[in-house]
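Here is run.txt, consisting of compact mmCIF, C-alpha atoms:
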```txt
# COMPACT_ATOMS: atom_id res chain seq x y z
CA MET A 52 -17.13 -11.61 9.74
CA LEU A 53 -16.85 -14.85 7.82
CA HIS A 54 -18.66 -17.98 8.96
CA CYS A 55 -17.10 -21.44 8.75
CA ASN A 56 -19.77 -23.40 6.93
CA GLY A 57 -17.50 -25.52 4.77
CA LYS A 58 -17.86 -23.14 1.81
CA THR A 59 -16.29 -20.03 3.37
CA ARG A 60 -13.29 -18.53 1.64
CA LEU A 61 -9.90 -18.66 3.32
CA LEU A 62 -8.92 -15.68 5.50
CA MET A 63 -5.58 -14.72 7.00
CA GLN A 64 -4.79 -12.03 9.56
CA PHE A 65 -1.27 -10.84 8.87
CA HIS A 66 0.65 -8.72 11.37
CA ILE A 67 3.24 -6.99 9.20
CA THR A 68 4.79 -5.07 12.09
CA GLY A 69 4.84 -4.98 15.87
CA ARG A 70 5.54 -1.27 15.99
CA CYS A 71 2.73 1.02 17.08
CA ASN A 72 2.40 4.71 17.86
CA LEU A 73 -0.25 4.13 20.54
CA ALA A 74 -0.23 2.12 23.77
CA CYS A 75 -3.80 0.95 24.30
CA LYS A 76 -4.50 -0.48 27.73
CA HIS A 77 -6.35 -3.55 26.43
CA CYS A 78 -3.96 -4.47 23.61
CA TYR A 79 -3.19 -8.20 23.37
CA ARG A 80 0.39 -7.58 22.22
CA VAL A 81 3.27 -7.71 24.72
CA GLU A 82 6.32 -8.14 22.44
CA GLY A 83 7.25 -4.45 22.13
CA ASN A 84 7.95 -2.21 19.15
CA VAL A 85 9.68 -4.61 16.78
CA GLU A 86 9.54 -5.07 13.00
CA PRO A 87 11.42 -8.25 12.04
CA LEU A 88 9.71 -8.89 8.67
CA SER A 89 11.30 -7.46 5.54
CA PHE A 90 9.35 -6.52 2.43
CA ASP A 91 10.54 -9.76 0.79
CA ASP A 92 9.32 -11.72 3.83
CA ILE A 93 5.90 -10.10 3.48
CA ARG A 94 5.70 -10.95 -0.20
CA SER A 95 6.72 -14.53 0.59
CA VAL A 96 3.98 -14.94 3.23
CA ILE A 97 1.34 -13.55 0.88
CA SER A 98 2.53 -15.87 -1.92
CA GLN A 99 2.37 -18.83 0.48
CA PHE A 100 -1.14 -17.79 1.44
CA ASP A 101 -2.18 -17.92 -2.21
CA GLU A 102 -0.71 -21.41 -2.56
CA LEU A 103 -2.67 -22.47 0.51
CA ARG A 104 -5.81 -20.84 -0.92
CA LEU A 105 -5.60 -22.96 -4.06
CA CYS A 106 -5.33 -26.18 -2.03
CA TYR A 107 -8.09 -25.04 0.32
CA ASN A 108 -10.41 -24.25 -2.60
CA GLU A 109 -9.75 -27.67 -4.13
CA ASP A 110 -10.51 -29.42 -0.83
CA LYS A 111 -13.73 -27.44 -0.35
CA GLY A 112 -14.82 -27.68 -3.97
CA ILE A 113 -14.99 -23.90 -4.33
CA LYS A 114 -13.44 -21.25 -6.55
CA LYS A 115 -13.06 -18.22 -4.34
CA LYS A 116 -10.60 -15.46 -3.72
CA GLY A 117 -8.94 -15.42 -0.34
CA HIS A 118 -8.98 -12.46 1.99
CA ILE A 119 -6.14 -10.93 4.02
CA ASN A 120 -6.53 -8.53 6.93
CA ILE A 121 -3.32 -6.50 7.20
CA THR A 122 -2.63 -5.36 10.75
CA GLY A 123 0.11 -4.82 13.35
CA GLY A 124 1.03 -3.04 15.61
CA GLU A 125 0.05 -0.18 13.37
CA PRO A 126 0.59 -1.44 9.81
CA LEU A 127 0.46 1.94 8.09
CA ILE A 128 3.58 3.26 9.86
CA ARG A 129 5.92 0.91 7.96
CA GLU A 130 8.32 2.89 5.77
CA ASP A 131 7.60 0.54 2.84
CA ILE A 132 3.81 0.56 3.28
CA PHE A 133 3.19 2.04 -0.18
CA ASP A 134 5.20 -0.78 -1.79
CA ILE A 135 3.18 -3.29 0.26
CA LEU A 136 -0.10 -1.69 -0.83
CA ASP A 137 1.03 -1.80 -4.47
CA PHE A 138 1.85 -5.51 -4.12
CA LEU A 139 -1.55 -6.19 -2.58
CA GLY A 140 -3.24 -4.24 -5.35
CA GLU A 141 -1.37 -6.17 -8.05
CA ASN A 142 -2.75 -9.43 -6.63
CA ARG A 143 -6.40 -8.40 -6.20
CA ASP A 144 -7.43 -11.12 -8.67
CA LYS A 145 -6.32 -13.69 -6.08
CA PHE A 146 -7.50 -12.12 -2.82
CA SER A 147 -9.18 -9.08 -1.36
CA TYR A 148 -7.67 -7.28 1.60
CA GLY A 149 -8.59 -4.96 4.44
CA ILE A 150 -6.48 -2.84 6.77
CA LEU A 151 -6.92 -2.96 10.56
CA SER A 152 -5.48 0.35 11.75
CA ASN A 153 -5.75 3.01 14.41
CA GLY A 154 -6.02 5.50 11.54
CA THR A 155 -3.42 8.00 12.74
CA PRO A 156 -1.14 7.72 9.65
CA ILE A 157 -4.01 8.21 7.18
CA ASN A 158 -3.63 11.30 5.01
CA GLU A 159 -4.44 12.26 1.41
CA ARG A 160 -1.48 10.35 -0.02
CA MET A 161 -2.43 7.24 1.94
CA ILE A 162 -6.06 7.48 0.81
CA ALA A 163 -4.96 7.83 -2.83
CA SER A 164 -2.83 4.67 -2.54
CA LEU A 165 -5.60 2.73 -0.79
CA LYS A 166 -8.07 3.68 -3.53
CA LYS A 167 -5.62 2.91 -6.35
CA ASN A 168 -4.95 -0.52 -4.86
CA ARG A 169 -8.65 -1.22 -4.23
CA VAL A 170 -8.64 -1.86 -0.49
CA SER A 171 -11.90 -3.54 0.56
CA PHE A 172 -12.23 -1.65 3.84
CA ILE A 173 -10.36 0.09 6.62
CA GLN A 174 -11.21 -0.96 10.18
CA LEU A 175 -10.77 1.54 13.00
CA SER A 176 -11.60 1.10 16.68
CA ILE A 177 -13.94 2.94 19.04
CA ASP A 178 -14.32 1.52 22.54
CA GLY A 179 -17.10 3.58 24.10
CA GLY A 180 -18.02 7.23 24.48
CA MET A 181 -15.34 9.88 24.29
CA LYS A 182 -14.18 9.65 27.92
CA THR A 183 -14.06 5.84 27.96
CA HIS A 184 -12.38 5.51 24.58
CA ASP A 185 -9.73 8.14 25.27
CA TYR A 186 -8.95 6.54 28.65
CA LEU A 187 -8.25 3.18 26.95
CA ARG A 188 -6.30 4.65 24.03
CA THR A 189 -5.11 8.28 24.21
CA SER A 190 -6.54 11.74 24.81
CA GLY A 191 -8.34 13.16 21.78
CA ASP A 192 -8.38 9.85 19.93
CA TYR A 193 -12.19 9.52 19.89
CA GLU A 194 -12.83 12.64 17.82
CA ARG A 195 -9.73 12.06 15.70
CA THR A 196 -10.87 8.51 14.84
CA PHE A 197 -14.32 9.65 13.73
CA ARG A 198 -12.80 12.46 11.66
CA THR A 199 -10.58 9.92 9.91
CA ALA A 200 -13.52 7.55 9.41
CA SER A 201 -15.59 10.32 7.82
CA GLN A 202 -12.68 11.30 5.59
CA LEU A 203 -12.34 7.70 4.39
CA GLU A 204 -16.05 7.29 3.74
CA ASN A 205 -16.21 10.62 1.90
CA SER A 206 -13.33 9.38 -0.26
CA GLY A 207 -15.26 6.24 -1.18
CA ILE A 208 -13.41 3.81 1.13
CA LYS A 209 -15.66 1.61 3.25
CA THR A 210 -14.93 2.01 6.94
CA PHE A 211 -15.73 -0.42 9.74
CA ILE A 212 -15.71 0.48 13.43
CA SER A 213 -14.72 -2.24 15.88
CA PHE A 214 -15.99 -1.98 19.47
CA THR A 215 -14.26 -4.12 22.11
CA ALA A 216 -16.88 -4.63 24.80
CA ASN A 217 -16.15 -4.90 28.51
CA LYS A 218 -18.13 -4.47 31.72
CA SER A 219 -17.51 -0.74 31.84
CA ASN A 220 -18.39 0.24 28.27
CA TYR A 221 -20.97 -2.13 26.71
CA LYS A 222 -23.88 0.15 27.65
CA GLN A 223 -22.30 2.82 25.44
CA LEU A 224 -22.82 0.74 22.28
CA PRO A 225 -26.04 2.59 21.26
CA GLU A 226 -24.23 5.93 21.68
CA VAL A 227 -21.40 4.76 19.43
CA ALA A 228 -23.91 3.40 16.91
CA HIS A 229 -25.62 6.80 16.77
CA LYS A 230 -22.27 8.51 16.13
CA CYS A 231 -21.44 5.98 13.39
CA ARG A 232 -24.74 6.70 11.65
CA LYS A 233 -24.14 10.46 11.83
CA CYS A 234 -20.70 9.96 10.26
CA GLY A 235 -21.96 7.63 7.52
CA ILE A 236 -19.88 4.63 8.65
CA THR A 237 -20.44 1.42 6.67
CA LYS A 238 -20.42 -1.01 9.60
CA LEU A 239 -20.14 -1.16 13.38
CA TRP A 240 -19.41 -4.49 15.00
CA SER A 241 -18.55 -5.57 18.53
CA ASP A 242 -16.73 -8.40 20.20
CA ARG A 243 -15.79 -9.01 23.81
CA LEU A 244 -12.52 -8.20 25.54
CA VAL A 245 -10.25 -11.26 25.57
CA PRO A 246 -8.06 -11.13 28.69
CA ILE A 247 -4.68 -11.94 27.12
CA GLY A 248 -1.53 -9.87 26.66
CA ASN A 249 -1.89 -6.42 28.20
CA GLY A 250 -5.61 -7.13 28.34
CA SER A 251 -4.99 -9.75 31.04
CA GLU A 252 -4.63 -6.88 33.48
CA LEU A 253 -8.25 -5.98 32.70
CA SER A 254 -9.62 -9.47 33.37
CA ASP A 255 -12.02 -8.06 35.97
CA LEU A 256 -13.72 -6.21 33.10
CA GLU A 257 -14.46 -9.23 30.92
CA ILE A 258 -18.09 -9.89 29.94
CA THR A 259 -19.13 -12.76 32.19
CA LYS A 260 -22.10 -15.05 31.60
CA ASP A 261 -24.29 -13.15 34.06
CA ILE A 262 -23.71 -9.95 32.09
CA PHE A 263 -23.79 -11.37 28.57
CA PRO A 264 -27.61 -11.28 28.13
CA GLU A 265 -27.62 -7.56 28.94
CA TYR A 266 -24.69 -7.00 26.56
CA ALA A 267 -26.71 -8.74 23.84
CA LYS A 268 -29.68 -6.48 24.59
CA TYR A 269 -27.52 -3.38 24.17
CA LEU A 270 -26.25 -4.79 20.88
CA LYS A 271 -29.86 -5.19 19.79
CA LYS A 272 -30.60 -1.63 20.91
CA ALA A 273 -27.58 -0.38 18.95
CA GLN A 274 -29.00 -1.97 15.81
CA GLY A 275 -31.93 0.43 16.06
CA ASN A 276 -35.60 0.05 15.24
CA PHE A 277 -37.32 0.00 11.85
CA PHE A 278 -37.32 3.79 11.55
CA THR A 279 -33.64 4.13 12.49
CA LYS A 280 -32.66 1.62 9.82
CA LYS A 281 -34.77 3.46 7.24
CA LEU A 282 -33.33 6.84 8.21
CA TYR A 283 -29.72 5.59 8.17
CA PRO A 284 -29.70 2.68 5.69
CA LYS A 285 -25.96 2.83 5.04
CA THR A 286 -24.74 1.90 8.53
CA LYS A 287 -25.02 -1.74 9.52
CA VAL A 288 -24.66 -2.79 13.16
CA ALA A 289 -23.52 -6.38 12.85
CA CYS A 290 -24.23 -9.07 15.46
CA GLU A 291 -22.36 -11.98 13.92
CA ARG A 292 -19.89 -13.01 16.59
CA ALA A 293 -19.87 -15.79 19.16
CA LEU A 294 -23.08 -16.02 21.26
CA GLN A 295 -24.51 -12.78 19.88
CA PHE A 296 -27.52 -14.63 18.49
CA LEU A 297 -28.78 -14.82 22.09
CA ASN A 298 -31.52 -12.22 22.66
CA ASN A 299 -31.07 -11.15 19.05
CA SER A 300 -33.35 -12.61 16.40
CA ASP A 301 -31.60 -10.66 13.62
CA SER A 302 -28.30 -12.49 14.08
CA SER A 303 -27.22 -15.77 12.53
CA ILE A 304 -25.47 -18.35 14.70
CA TYR A 305 -21.72 -17.97 14.43
CA SER A 306 -19.11 -20.64 15.08
CA CYS A 307 -15.41 -19.99 15.56
CA SER A 308 -13.46 -20.24 12.30
CA ALA A 309 -9.95 -20.54 13.82
CA ALA A 310 -7.97 -23.19 11.90
CA GLU A 311 -11.05 -24.01 9.82
CA SER A 312 -11.05 -21.08 7.40
CA PHE A 313 -8.90 -18.64 9.36
CA LEU A 314 -5.25 -18.40 10.40
CA THR A 315 -2.85 -15.76 11.67
CA VAL A 316 0.76 -14.91 10.90
CA ASP A 317 2.39 -12.52 13.36
CA GLU A 318 5.27 -10.08 12.98
CA PHE A 319 7.82 -12.82 13.79
CA GLY A 320 6.47 -15.18 11.13
CA ARG A 321 4.81 -17.35 13.76
CA VAL A 322 1.61 -19.09 12.68
CA MET A 323 -1.39 -19.33 15.01
CA PRO A 324 -5.04 -20.36 14.61
CA CYS A 325 -6.02 -16.89 15.88
CA ARG A 326 -4.05 -13.96 17.32
CA ARG A 327 -6.37 -13.89 20.32
CA MET A 328 -5.65 -17.60 20.86
CA PRO A 329 -1.85 -17.35 20.74
CA ILE A 330 -0.87 -20.99 20.31
CA ILE A 331 2.28 -20.98 18.17
CA CYS A 332 1.95 -23.80 15.65
CA GLY A 333 4.98 -23.14 13.45
CA ASN A 334 6.96 -20.45 11.69
CA ILE A 335 7.04 -19.49 8.02
CA PHE A 336 10.85 -19.38 8.20
CA ASP A 337 10.95 -23.09 9.13
CA SER A 338 7.97 -24.45 7.20
CA THR A 339 5.19 -23.36 4.86
CA LEU A 340 1.70 -22.09 5.57
CA LYS A 341 0.27 -25.04 3.68
CA ASP A 342 2.17 -27.59 5.76
CA ILE A 343 1.27 -25.91 9.06
CA PHE A 344 -2.39 -25.45 8.15
CA TYR A 345 -2.91 -29.06 7.10
CA ASN A 346 -0.49 -30.98 9.31
CA ASN A 347 -0.09 -29.14 12.60
CA GLN A 348 -1.77 -31.05 15.44
CA VAL A 349 -3.49 -28.00 16.95
CA PHE A 350 -4.96 -26.98 13.60
CA ARG A 351 -6.19 -30.53 13.06
CA GLN A 352 -7.71 -30.71 16.55
CA LEU A 353 -9.54 -27.41 16.09
CA ARG A 354 -10.96 -28.64 12.78
CA ASN A 355 -12.48 -31.65 14.51
CA ASN A 356 -15.17 -29.23 15.70
CA SER A 357 -15.82 -31.27 18.82
CA ILE A 358 -18.58 -29.83 20.99
CA PRO A 359 -17.53 -29.13 24.62
CA LYS A 360 -19.09 -31.48 27.16
CA GLU A 361 -20.66 -28.52 28.98
CA CYS A 362 -22.69 -27.84 25.84
CA SER A 363 -24.14 -31.32 25.45
CA GLY A 364 -27.89 -31.09 25.19
CA CYS A 365 -27.90 -27.42 24.12
CA VAL A 366 -30.11 -26.90 21.07
CA TYR A 367 -27.59 -24.45 19.60
CA SER A 368 -24.45 -26.54 20.12
CA ILE A 369 -24.31 -28.11 16.66
CA PHE A 370 -24.14 -24.62 15.15
CA CYS A 371 -22.39 -22.60 17.87
CA LYS A 372 -19.87 -25.37 18.73
CA GLY A 373 -19.03 -23.92 22.10
CA GLY A 374 -18.71 -20.22 21.37
CA ALA A 375 -15.47 -18.26 21.12
CA LYS A 376 -12.49 -20.60 21.49
CA CYS A 377 -10.21 -17.65 22.30
CA GLN A 378 -12.34 -16.89 25.36
CA SER A 379 -12.11 -20.53 26.47
CA PHE A 380 -8.36 -20.57 25.97
CA ALA A 381 -7.87 -17.30 27.88
CA LYS A 382 -9.91 -18.60 30.82
CA HIS A 383 -8.97 -22.29 30.93
CA SER A 384 -5.86 -22.59 28.71
CA SER A 385 -7.90 -25.02 26.64
CA PHE A 386 -10.05 -24.63 23.54
CA TYR A 387 -12.01 -27.78 24.44
CA CYS A 388 -14.02 -25.91 27.08
CA ALA A 389 -17.22 -23.96 26.49
CA ASP A 390 -17.13 -20.19 26.11
CA PRO A 391 -17.09 -18.91 29.75
CA GLY A 392 -19.37 -16.03 28.74
CA CYS A 393 -22.27 -18.26 27.69
CA PRO A 394 -25.30 -17.82 29.98
CA LEU A 395 -26.81 -21.14 28.84
CA ILE A 396 -24.21 -23.30 30.58
```
Go through the file and emit its structure as structure tokens.
Amino acid sequence: MLHCNGKTRLLMQFHITGRCNLACKHCYRVEGNVEPLSFDDIRSVISQFDELRLCYNEDKGIKKKGHINITGGEPLIREDIFDILDFLGENRDKFSYGILSNGTPINERMIASLKKNRVSFIQLSIDGGMKTHDYLRTSGDYERTFRTASQLENSGIKTFISFTANKSNYKQLPEVAHKCRKCGITKLWSDRLVPIGNGSELSDLEITKDIFPEYAKYLKKAQGNFFTKKLYPKTKVACERALQFLNNSDSSIYSCSAAESFLTVDEFGRVMPCRRMPIICGNIFDSTLKDIFYNNQVFRQLRNNSIPKECSGCVYSIFCKGGAKCQSFAKHSSFYCADPGCPLI
């Protein structure tokens, strides 16, 4: 994941649909199966993103492509998805893009289009061993997801596996890492459950600060030892999210990039700093991405990078800046508070 160090390229998460063919128990969406955005709307948002990218690059003194993560709902079930992929491919000189999907619509035709249009990666989700994952998502989904991941990798498309950690599944990270290595997956990464949306009903499963050190240890274990890395050099187990540097010397210190180098547009055209911190800051039908990014009060406040008072005196605070702001917002309805999962508070 990108770090906000003042020189990071601009990234947008774009929800092109709210429709989905699964009903995962920990999903943060609650709006139902809707698809308000037309193909022209999608092209307009992407064009606005490129305009914002040019201003952002000028402000930062950089010359970088942007990056867009296309997601939903399930983005690949749109009837016009092949037209959308063609449009993304035609603009690859301006930005790269990835697809965040559950993988169910992926077939040979889809893979051919993804390759033709030079997708950077496909991200799928695995949330524990087979029993745990299928309970959270749907029966048979664990094996189906790994089959799809292997098919993508064998076709030359990089595949990432996202693992949403909670109290009941974090100890299964090494098991999932082993499976990823066997399947030749490019990257496995993990972040914590954020108790918003449907996930708010699972708030008793969130990784609390008394559990976080053990979660970090299992992340370290999932990375493997020297021999594991030599035997399976392709698969990277990344530890580059909030607080994951604790108990993990291989990880750099991450700070939240919401509103700094990252923004979200949802399926209604609403603009937020982050989908897991659902503060609606404007709408692309009423304004522009550039105006919202630079002038909205919430975006400006988040860019102040103020360190929470609970973190004063912490040696990591100048780099960590309080941890994951989405976790703070979910717990306290405020992004000025420290990450509630931090064991150093």
Mind running region 165-283 of chain A against region 289-308 of chain A at 12 Å and telling me each contacting residue's nearest atom pair with the distance in Å (one decimal), counting all atoms listed in the file, chain and number ascending, as a Markdown table?
```
| residue | atom | partner | partner_atom | distance |
| --- | --- | --- | --- | --- |
| A:Phe211 | CA | A:Ala289 | CA | 10.3 |
| A:Ile212 | CA | A:Ala289 | CA | 10.4 |
| A:Ser213 | CA | A:Ala289 | CA | 10.2 |
| A:Phe214 | CA | A:Ala289 | CA | 10.9 |
| A:Thr215 | CA | A:Arg292 | CA | 11.9 |
| A:Leu224 | CA | A:Ala289 | CA | 11.8 |
| A:Ala228 | CA | A:Ala289 | CA | 10.6 |
| A:Thr237 | CA | A:Ala289 | CA | 10.4 |
| A:Lys238 | CA | A:Ala289 | CA | 7.0 |
| A:Leu239 | CA | A:Ala289 | CA | 6.2 |
| A:Trp240 | CA | A:Ala289 | CA | 5.0 |
| A:Ser241 | CA | A:Cys290 | CA | 7.3 |
| A:Asp242 | CA | A:Arg292 | CA | 6.7 |
| A:Arg243 | CA | A:Ala293 | CA | 9.2 |
| A:Ile258 | CA | A:Leu294 | CA | 11.7 |
| A:Lys260 | CA | A:Leu294 | CA | 10.4 |
| A:Phe263 | CA | A:Leu294 | CA | 8.7 |
| A:Pro264 | CA | A:Asn298 | CA | 6.8 |
| A:Glu265 | CA | A:Asn298 | CA | 8.7 |
| A:Tyr266 | CA | A:Gln295 | CA | 8.8 |
| A:Ala267 | CA | A:Asn298 | CA | 6.1 |
| A:Lys268 | CA | A:Asn298 | CA | 6.3 |
| A:Tyr269 | CA | A:Asn298 | CA | 9.8 |
| A:Leu270 | CA | A:Cys290 | CA | 7.2 |
| A:Lys271 | CA | A:Asn299 | CA | 6.1 |
| A:Lys272 | CA | A:Asn299 | CA | 9.7 |
| A:Ala273 | CA | A:Ala289 | CA | 9.5 |
| A:Gln274 | CA | A:Ala289 | CA | 7.6 |
| A:Gly275 | CA | A:Ala289 | CA | 11.3 |
| A:Asn276 | CA | A:Asp301 | CA | 11.5 |
```
Quiz item: What lies within 12 Å of Phe350 (chain A) using only C-alpha atoms, ignoring chain neighbours under 5 positions off, as a PyMOL selection string?
Solution: chain A and resi 308-315+322-325+328+330-333+340-345+355-356+386
Give the padded box for region 337-352 of chain A as AutoDock Vina command-line options: axis-aligned, covering all atoms listed in the file, 8 Å on each side, centre and edge lengths in Å to one decimal.
```
--center_x 1.6 --center_y -26.6 --center_z 10.3 --size_x 34.7 --size_y 25.0 --size_z 29.3
```
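The two atoms in question, CA of Ile173 (chain A) and CA of Arg60 (chain A), are spaced 19.5 Å apart.
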Exercise. Name the closest residue to Tyr387 (chain A) among the candidates A:Gln174, A:Gln352, A:Asn158, A:Gly364; distances are taken between atoms, counting all atoms listed in the file.
Key: A:Gln352
